[in-house]
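Student: Quick one: structure below, then a few questions.
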Amino acid sequence: GADRLALWLDTNELVVLRIEPRVDPLDGLVAGLAAEGMETELAELAHDMLNGCRQCHSYEANVNGAGPSLHKIIGRDIASTSFANHSQALLSAPGKWNSENLSAYLAAPEEVVPGTLMLGLGTGGDTDLARAISAALAWMSARAEITEDPR
């Protein structure tokens, strides 16, 4: 079909890729958070911050950048992705990411996990914004559970 791309490798192997439209994980975020009761201005600020986080992170599964993928971070073991450069501090941190510990980390990464490599980033102590970003990541995690194709 027109949605496939075939590659014939030098190793005499055929690889067939299926072409899919990419949906931006941040699409619908502001409206989704507003529908859950968040002030639109705060939801927009969280969206803008998460857009900036793309400099180092992705929101797609198994796609790491300078930092690990944030895909379905809520409920995931801390430092448990395929990302190869987790700090020793995060590797030693027990538990799973949840709204509370993620909000605290986003507000002050270096205070919450001394030795983290996410230096000078986060929300600069703005706990309301950190909670909004954590809620946004939770919204994105829940949405990914619903919309992902199980293939």
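Ordering of the structure tokens sets the chain letters (A, B, ...); residue numbers start at 1 within each chain; ligands are numbered from 1 in the order shown.
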For region 127-143 of chain A, work out the shell of residues within 8 Å, counting only C-alpha atoms and skipping chain neighbours fewer than 5 positions away, then give it as a list in words.

Tutor: Pro25, Leu26, Leu29, Gly32, Leu33, Met38, Leu42, Ala43, Leu45, Ala46, His47, Met49, Leu50, Leu70, His71, Lys72, Ile73, Ile74, Ser99, Glu100, Leu102, Ser103, Ala104, Leu106, Ala107 and Gly122 of chain A

Student: Using C-alpha atoms, can you write the selected residues to a file as a PDB file, in the first residue's frame?

Tutor:
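And here is the file that came out, selection.pdb:
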ATOM      1  CA  PRO A  25       1.804  14.730  22.316  1.00  0.00           C
ATOM      2  CA  LEU A  26       1.190  18.337  23.422  1.00  0.00           C
ATOM      3  CA  LEU A  29      -3.045  19.712  26.367  1.00  0.00           C
ATOM      4  CA  GLY A  32      -7.553  18.929  28.384  1.00  0.00           C
ATOM      5  CA  LEU A  33      -6.119  20.542  31.511  1.00  0.00           C
ATOM      6  CA  MET A  38      -6.887  24.045  35.698  1.00  0.00           C
ATOM      7  CA  LEU A  42      -1.549  28.128  34.073  1.00  0.00           C
ATOM      8  CA  ALA A  43      -2.288  25.359  31.543  1.00  0.00           C
ATOM      9  CA  LEU A  45       2.288  28.198  30.884  1.00  0.00           C
ATOM     10  CA  ALA A  46       2.704  24.461  31.568  1.00  0.00           C
ATOM     11  CA  HIS A  47       2.343  23.799  27.818  1.00  0.00           C
ATOM     12  CA  MET A  49       7.382  24.971  29.628  1.00  0.00           C
ATOM     13  CA  LEU A  50       6.874  21.423  28.328  1.00  0.00           C
ATOM     14  CA  LEU A  70       9.106  11.567  29.439  1.00  0.00           C
ATOM     15  CA  HIS A  71       6.588   9.257  27.766  1.00  0.00           C
ATOM     16  CA  LYS A  72       4.216   7.865  30.417  1.00  0.00           C
ATOM     17  CA  ILE A  73       6.493   9.086  33.219  1.00  0.00           C
ATOM     18  CA  ILE A  74       3.759   8.995  35.886  1.00  0.00           C
ATOM     19  CA  SER A  99       2.558  13.688  40.855  1.00  0.00           C
ATOM     20  CA  GLU A 100       4.001  14.613  44.252  1.00  0.00           C
ATOM     21  CA  LEU A 102       7.713  14.815  40.188  1.00  0.00           C
ATOM     22  CA  SER A 103       6.302  18.213  41.190  1.00  0.00           C
ATOM     23  CA  ALA A 104       8.931  18.553  43.908  1.00  0.00           C
ATOM     24  CA  LEU A 106      10.521  19.944  38.801  1.00  0.00           C
ATOM     25  CA  ALA A 107      10.400  22.818  41.291  1.00  0.00           C
ATOM     26  CA  GLY A 122      12.968  23.047  36.312  1.00  0.00           C
TER      27      GLY A 122
END

Student: Which is closest to Arg76 (chain A) among A:Pro109, A:Pro21, A:Pro94, A:Gly125, if we use only C-alpha atoms?

Tutor: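 For Arg76 (chain A), the nearest of the given residues is A:Pro94.
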
Student: How far is it from CA of Leu90 (chain A) to CA of Arg54 (chain A), in Å with one decimal?

Tutor: 19.8 Å

Student: Any idea what the distance is between CA of Asn64 (chain A) and CA of Arg22 (chain A)?

Tutor: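 Computing the Euclidean distance for CA of Asn64 (chain A) and CA of Arg22 (chain A) yields 16.7 Å.
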
Student: I need the residues in chain A that are helix (DSSP H, G or I) according to DSSP; give them as an MDAnalysis selection string.

Tutor: chainID A and resid 29:35 40:53 88:92 99:107 109:112 127:147

Student: Leaving out Asp77 (chain A) and any residue of its chain fewer than 4 positions from it, which residues lie within 7 Å of it when counting only C-alpha atoms, given as a list in words?

Tutor: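 Contacts, with the query itself left out: Gly95, Lys96 and Trp97 of chain A.
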
Student: For the residues in that selection, give me N, CA, C and O atoms as a JSON list (two decimals), in the first residue's frame.

Tutor:
[["chain", "number", "residue", "atom", "x", "y", "z"],
["A", 95, "GLY", "N", 11.79, 4.18, 44.16],
["A", 95, "GLY", "CA", 10.37, 4.42, 43.90],
["A", 95, "GLY", "C", 10.01, 4.73, 42.47],
["A", 95, "GLY", "O", 10.80, 4.54, 41.55],
["A", 96, "LYS", "N", 8.79, 5.19, 42.33],
["A", 96, "LYS", "CA", 8.22, 5.52, 41.03],
["A", 96, "LYS", "C", 7.92, 7.01, 40.99],
["A", 96, "LYS", "O", 7.70, 7.64, 42.02],
["A", 97, "TRP", "N", 7.91, 7.55, 39.78],
["A", 97, "TRP", "CA", 7.50, 8.94, 39.62],
["A", 97, "TRP", "C", 5.99, 9.03, 39.85],
["A", 97, "TRP", "O", 5.23, 8.23, 39.31]]

Student: Between A:Glu111, A:Val23, A:Leu5, A:Thr123, which has the minimum distance to Asp48 (chain A) (counting only C-alpha atoms)?

Tutor: A:Thr123

Student: Suppose you want the space between CA of Ser80 (chain A) and CA of Ala108 (chain A); what is it in Å?

Tutor: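 CA of Ala108 (chain A) lies 20.7 Å from CA of Ser80 (chain A).
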
Student: Could you go through chain A and tell me which residues DSSP, when run on the backbone, assigns to strand (DSSP E), listing them as a ChimeraX atom specification?

Tutor: /A:4-8,14-18
